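Participant: One structure, as structure tokens, below. Some questions next.
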2 protein chains.
Amino acid sequence: MNGGCTNDDASLTIGTLGKRTGVNIETIRYYERIGLLPEAARSAGNYRVYGPAHVRRLVFIRKARDLGFPLEVVRALLELSDQPDRPCAVVDHLVEEQLAEVERKLSDLHRLRDELDRLAHQCRGGSISECRIIEALSP
Amino acid sequence: MNGGCTNDDASLTIGTLGKRTGVNIETIRYYERIGLLPEAARSAGNYRVYGPAHVRRLVFIRKARDLGFPLEVVRALLELSDQPDRPCAVVDHLVEEQLAEVERKLSDLHRLRDELDRLAHQCRGGSISECRIIEALSP
DNA sequence: GCTGGGGGCTGTAGCGGCTACAGGGTCAAG
DNA sequence: CTTGACCCTGTAGCCGCTACAGCCCCCAGC
């Protein structure tokens, strides 16, 4: 068991970090591999050991991912958050871009929904030979 | 050049098929590889030769893909379209499922959009140290 | 001391749905 | 005969994980 067994309240194993941040263990290792999360220190038995800074960084990443930012943009956001003197406008721009991307996807999906809706209401319960849906897909 | 140069109006090379259906050549070969499109006959020079049936099938696939159906569902739809006696309800069910999926994505994206919108309007043009966006991502 | 079970480690392969090469062959026009 | 557009195969890459296989480590209980 791990809960309550850590010597130091502030140092966690990967499993505990995962539970605390809601990020899958494999994903955490993946983030380390691609350099999004700095390499963790290792225990005597070669276990990764995480501190509060890792927790903060990983939560940051998760929140950004939840907002749909691609990993490369998350990487940029992390770097920016380490440079407090740069203008906020840089960050704002990334958010605007992401917003535009989401709105593009939204309008695509709206069109798709309408199309599918139209199709779905054409079923009259016969056999496929009279199926308007198949008909609509056929040239 | 290929346009008008085919011996048989009804037999096309992969490039012509691609242009006619709006599907990338590599994608057509990919569909063949995964068994979505039947293997084409071959010319003396080992070129794929397509007939009207291929065109029809590929257009069907493209339309279904445009509606967002995953390839495995497209495969099912194709099989159904070859079985005219089965009930249309089977097809209708696949459409309903896809519709539900699209609506799920839509509502996810709506939430995302609102969140990003909220964030985007918080920029007051200062430096990152006062940036509400970075703040919102930090724990 | 010995065992069992729950963690952890590395490295690699797979998902979906393409897309992009490299390194060759084919074909028709000039 | 050469040029250049097209085609062929096979393989690797994209994104963002996820899922193994095959090992090691650690602690509790007996």
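Residue numbers start at 1 in each chain; chains themselves are named A, B, ... in the order of the structure tokens; ligands are numbered from 1 in the order shown.
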Excluding same-chain residues fewer than 4 positions from DT18 in chain D, what lies within 12 Å of it counting only C-alpha atoms (C1' of nucleotides), as number ranges by chain?
Facilitator: A: 24-30; C: 13-15
Participant: Can you pull out the residues contacting range 118-133 of chain B? Cut-off 9 Å, using only C-alpha atoms (C1' of nucleotides), and skip same-chain residues under 3 positions away; I want them as a VMD selection string.
Facilitator: (chain A and resid 80 to 93 95 to 96 99) or (chain B and resid 113 to 115 136 to 138)
Participant: Just the selected residues (N, CA and C atoms), exported as a PDB file, in the first residue's frame, please.
Facilitator:
ATOM      1  N   LEU A  80       5.930  29.497 -21.583  1.00  0.00           N
ATOM      2  CA  LEU A  80       5.503  30.877 -21.330  1.00  0.00           C
ATOM      3  C   LEU A  80       5.256  31.104 -19.848  1.00  0.00           C
ATOM      4  N   SER A  81       4.656  30.106 -19.224  1.00  0.00           N
ATOM      5  CA  SER A  81       4.338  30.285 -17.805  1.00  0.00           C
ATOM      6  C   SER A  81       5.614  30.402 -16.966  1.00  0.00           C
ATOM      7  N   ASP A  82       6.741  30.015 -17.556  1.00  0.00           N
ATOM      8  CA  ASP A  82       8.022  30.164 -16.856  1.00  0.00           C
ATOM      9  C   ASP A  82       8.710  31.495 -17.164  1.00  0.00           C
ATOM     10  N   GLN A  83       8.085  32.298 -18.029  1.00  0.00           N
ATOM     11  CA  GLN A  83       8.692  33.578 -18.400  1.00  0.00           C
ATOM     12  C   GLN A  83       7.735  34.717 -18.073  1.00  0.00           C
ATOM     13  N   PRO A  84       7.670  35.091 -16.811  1.00  0.00           N
ATOM     14  CA  PRO A  84       6.620  36.011 -16.348  1.00  0.00           C
ATOM     15  C   PRO A  84       6.692  37.408 -16.963  1.00  0.00           C
ATOM     16  N   ASP A  85       7.822  37.728 -17.603  1.00  0.00           N
ATOM     17  CA  ASP A  85       7.957  39.087 -18.120  1.00  0.00           C
ATOM     18  C   ASP A  85       7.463  39.256 -19.543  1.00  0.00           C
ATOM     19  N   ARG A  86       7.211  38.145 -20.203  1.00  0.00           N
ATOM     20  CA  ARG A  86       6.748  38.275 -21.578  1.00  0.00           C
ATOM     21  C   ARG A  86       5.293  38.726 -21.600  1.00  0.00           C
ATOM     22  N   PRO A  87       4.887  39.348 -22.703  1.00  0.00           N
ATOM     23  CA  PRO A  87       3.516  39.885 -22.720  1.00  0.00           C
ATOM     24  C   PRO A  87       2.468  38.787 -22.744  1.00  0.00           C
ATOM     25  N   CYS A  88       1.416  39.045 -22.047  1.00  0.00           N
ATOM     26  CA  CYS A  88       0.287  38.128 -21.948  1.00  0.00           C
ATOM     27  C   CYS A  88      -0.361  37.900 -23.310  1.00  0.00           C
ATOM     28  N   ALA A  89      -0.145  38.842 -24.219  1.00  0.00           N
ATOM     29  CA  ALA A  89      -0.778  38.755 -25.537  1.00  0.00           C
ATOM     30  C   ALA A  89      -0.383  37.485 -26.274  1.00  0.00           C
ATOM     31  N   VAL A  90       0.837  37.024 -26.020  1.00  0.00           N
ATOM     32  CA  VAL A  90       1.302  35.787 -26.658  1.00  0.00           C
ATOM     33  C   VAL A  90       0.405  34.629 -26.253  1.00  0.00           C
ATOM     34  N   VAL A  91       0.106  34.580 -24.970  1.00  0.00           N
ATOM     35  CA  VAL A  91      -0.773  33.538 -24.452  1.00  0.00           C
ATOM     36  C   VAL A  91      -2.169  33.707 -25.027  1.00  0.00           C
ATOM     37  N   ASP A  92      -2.623  34.939 -25.015  1.00  0.00           N
ATOM     38  CA  ASP A  92      -3.964  35.225 -25.510  1.00  0.00           C
ATOM     39  C   ASP A  92      -4.120  34.750 -26.956  1.00  0.00           C
ATOM     40  N   HIS A  93      -3.061  34.959 -27.724  1.00  0.00           N
ATOM     41  CA  HIS A  93      -3.103  34.545 -29.122  1.00  0.00           C
ATOM     42  C   HIS A  93      -3.311  33.037 -29.253  1.00  0.00           C
ATOM     43  N   VAL A  95      -4.745  31.103 -27.169  1.00  0.00           N
ATOM     44  CA  VAL A  95      -6.118  30.795 -26.772  1.00  0.00           C
ATOM     45  C   VAL A  95      -7.086  31.124 -27.913  1.00  0.00           C
ATOM     46  N   GLU A  96      -6.864  32.259 -28.549  1.00  0.00           N
ATOM     47  CA  GLU A  96      -7.724  32.661 -29.671  1.00  0.00           C
ATOM     48  C   GLU A  96      -7.660  31.638 -30.798  1.00  0.00           C
ATOM     49  N   LEU A  99      -9.571  28.663 -29.798  1.00  0.00           N
ATOM     50  CA  LEU A  99     -10.997  28.991 -29.878  1.00  0.00           C
ATOM     51  C   LEU A  99     -11.489  28.902 -31.316  1.00  0.00           C
TER      52      LEU A  99
ATOM     53  N   ARG B 113     -15.899  25.449 -25.948  1.00  0.00           N
ATOM     54  CA  ARG B 113     -15.942  26.776 -26.550  1.00  0.00           C
ATOM     55  C   ARG B 113     -16.236  27.834 -25.487  1.00  0.00           C
ATOM     56  N   ASP B 114     -17.221  27.540 -24.649  1.00  0.00           N
ATOM     57  CA  ASP B 114     -17.595  28.498 -23.606  1.00  0.00           C
ATOM     58  C   ASP B 114     -16.431  28.762 -22.666  1.00  0.00           C
ATOM     59  N   GLU B 115     -15.758  27.675 -22.322  1.00  0.00           N
ATOM     60  CA  GLU B 115     -14.611  27.782 -21.409  1.00  0.00           C
ATOM     61  C   GLU B 115     -13.512  28.657 -22.026  1.00  0.00           C
ATOM     62  N   ALA B 136      -5.337  30.469 -14.625  1.00  0.00           N
ATOM     63  CA  ALA B 136      -6.434  29.499 -14.651  1.00  0.00           C
ATOM     64  C   ALA B 136      -5.926  28.083 -14.870  1.00  0.00           C
ATOM     65  N   LEU B 137      -4.806  27.962 -15.558  1.00  0.00           N
ATOM     66  CA  LEU B 137      -4.260  26.634 -15.811  1.00  0.00           C
ATOM     67  C   LEU B 137      -3.413  26.131 -14.646  1.00  0.00           C
ATOM     68  N   SER B 138      -2.891  27.072 -13.883  1.00  0.00           N
ATOM     69  CA  SER B 138      -2.063  26.665 -12.751  1.00  0.00           C
ATOM     70  C   SER B 138      -2.957  26.208 -11.610  1.00  0.00           C
TER      71      SER B 138
END
Participant: Produce a table with one row for each residue of chain D that has an atom at most 9 Å from any atom of chain A, each row naming the nearest atom pair and its distance in Å at one decimal; use only C-alpha atoms (C1' of nucleotides); arrange rows by chain and rising residue number; format as a Markdown table.
Facilitator:
| residue | atom | partner | partner_atom | distance |
| --- | --- | --- | --- | --- |
| D:DC15 | C1' | A:Pro70 | CA | 8.7 |
| D:DG16 | C1' | A:Leu71 | CA | 8.3 |
| D:DC17 | C1' | A:Thr27 | CA | 6.6 |
| D:DT18 | C1' | A:Glu26 | CA | 7.5 |
| D:DC24 | C1' | A:Gly45 | CA | 8.5 |
| D:DC25 | C1' | A:Gly45 | CA | 6.2 |
| D:DC26 | C1' | A:Gly45 | CA | 8.9 |
| D:DC27 | C1' | A:Met1 | CA | 8.2 |
Participant: Please measure the separation of CA of Val49 in chain B and C1' of DG23 in chain C, giving the value in Å to one decimal.
Facilitator: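 Straight-line distance from CA of Val49 in chain B to C1' of DG23 in chain C works out to 23.1 Å.
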Participant: Within 10 Å of chain A, which residues of chain C are there when counting only C-alpha atoms (C1' of nucleotides)? Please give them as a list in words.
Facilitator: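 Residues passing the distance filter: DG6, DG7, DG8 and DC9 of chain C.
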Participant: Filtering to N, CA and C atoms (P, O5', C5', C4', C3', O3' and C1' of nucleotides), could you give me those residues as a PDB file, in the first residue's frame?
Facilitator:
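So the final result, stored in out13.pdb, reads:
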ATOM      1  P    DG C   6      -3.187  -8.073  -5.605  1.00  0.00           P
ATOM      2  O5'  DG C   6      -2.786  -6.539  -5.557  1.00  0.00           O
ATOM      3  C5'  DG C   6      -2.428  -5.935  -4.318  1.00  0.00           C
ATOM      4  C4'  DG C   6      -1.281  -4.978  -4.544  1.00  0.00           C
ATOM      5  C3'  DG C   6      -1.463  -4.102  -5.795  1.00  0.00           C
ATOM      6  O3'  DG C   6      -1.281  -2.740  -5.431  1.00  0.00           O
ATOM      7  C1'  DG C   6       0.679  -5.100  -5.769  1.00  0.00           C
ATOM      8  P    DG C   7      -1.842  -1.620  -6.356  1.00  0.00           P
ATOM      9  O5'  DG C   7      -0.653  -1.452  -7.399  1.00  0.00           O
ATOM     10  C5'  DG C   7      -0.012  -0.234  -7.490  1.00  0.00           C
ATOM     11  C4'  DG C   7       1.454  -0.408  -7.074  1.00  0.00           C
ATOM     12  C3'  DG C   7       2.380   0.244  -8.079  1.00  0.00           C
ATOM     13  O3'  DG C   7       2.613   1.581  -7.673  1.00  0.00           O
ATOM     14  C1'  DG C   7       3.167  -1.917  -7.398  1.00  0.00           C
ATOM     15  P    DG C   8       2.900   2.619  -8.781  1.00  0.00           P
ATOM     16  O5'  DG C   8       4.271   2.100  -9.394  1.00  0.00           O
ATOM     17  C5'  DG C   8       5.491   2.438  -8.764  1.00  0.00           C
ATOM     18  C4'  DG C   8       6.622   1.695  -9.420  1.00  0.00           C
ATOM     19  C3'  DG C   8       6.934   2.116 -10.858  1.00  0.00           C
ATOM     20  O3'  DG C   8       7.894   3.150 -10.848  1.00  0.00           O
ATOM     21  C1'  DG C   8       7.056  -0.256 -10.543  1.00  0.00           C
ATOM     22  P    DC C   9       8.368   3.749 -12.213  1.00  0.00           P
ATOM     23  O5'  DC C   9       9.189   2.593 -12.944  1.00  0.00           O
ATOM     24  C5'  DC C   9      10.548   2.374 -12.585  1.00  0.00           C
ATOM     25  C4'  DC C   9      11.167   1.361 -13.520  1.00  0.00           C
ATOM     26  C3'  DC C   9      11.104   1.731 -14.990  1.00  0.00           C
ATOM     27  O3'  DC C   9      12.219   2.534 -15.329  1.00  0.00           O
ATOM     28  C1'  DC C   9      10.559  -0.567 -14.672  1.00  0.00           C
TER      29       DC C   9
END
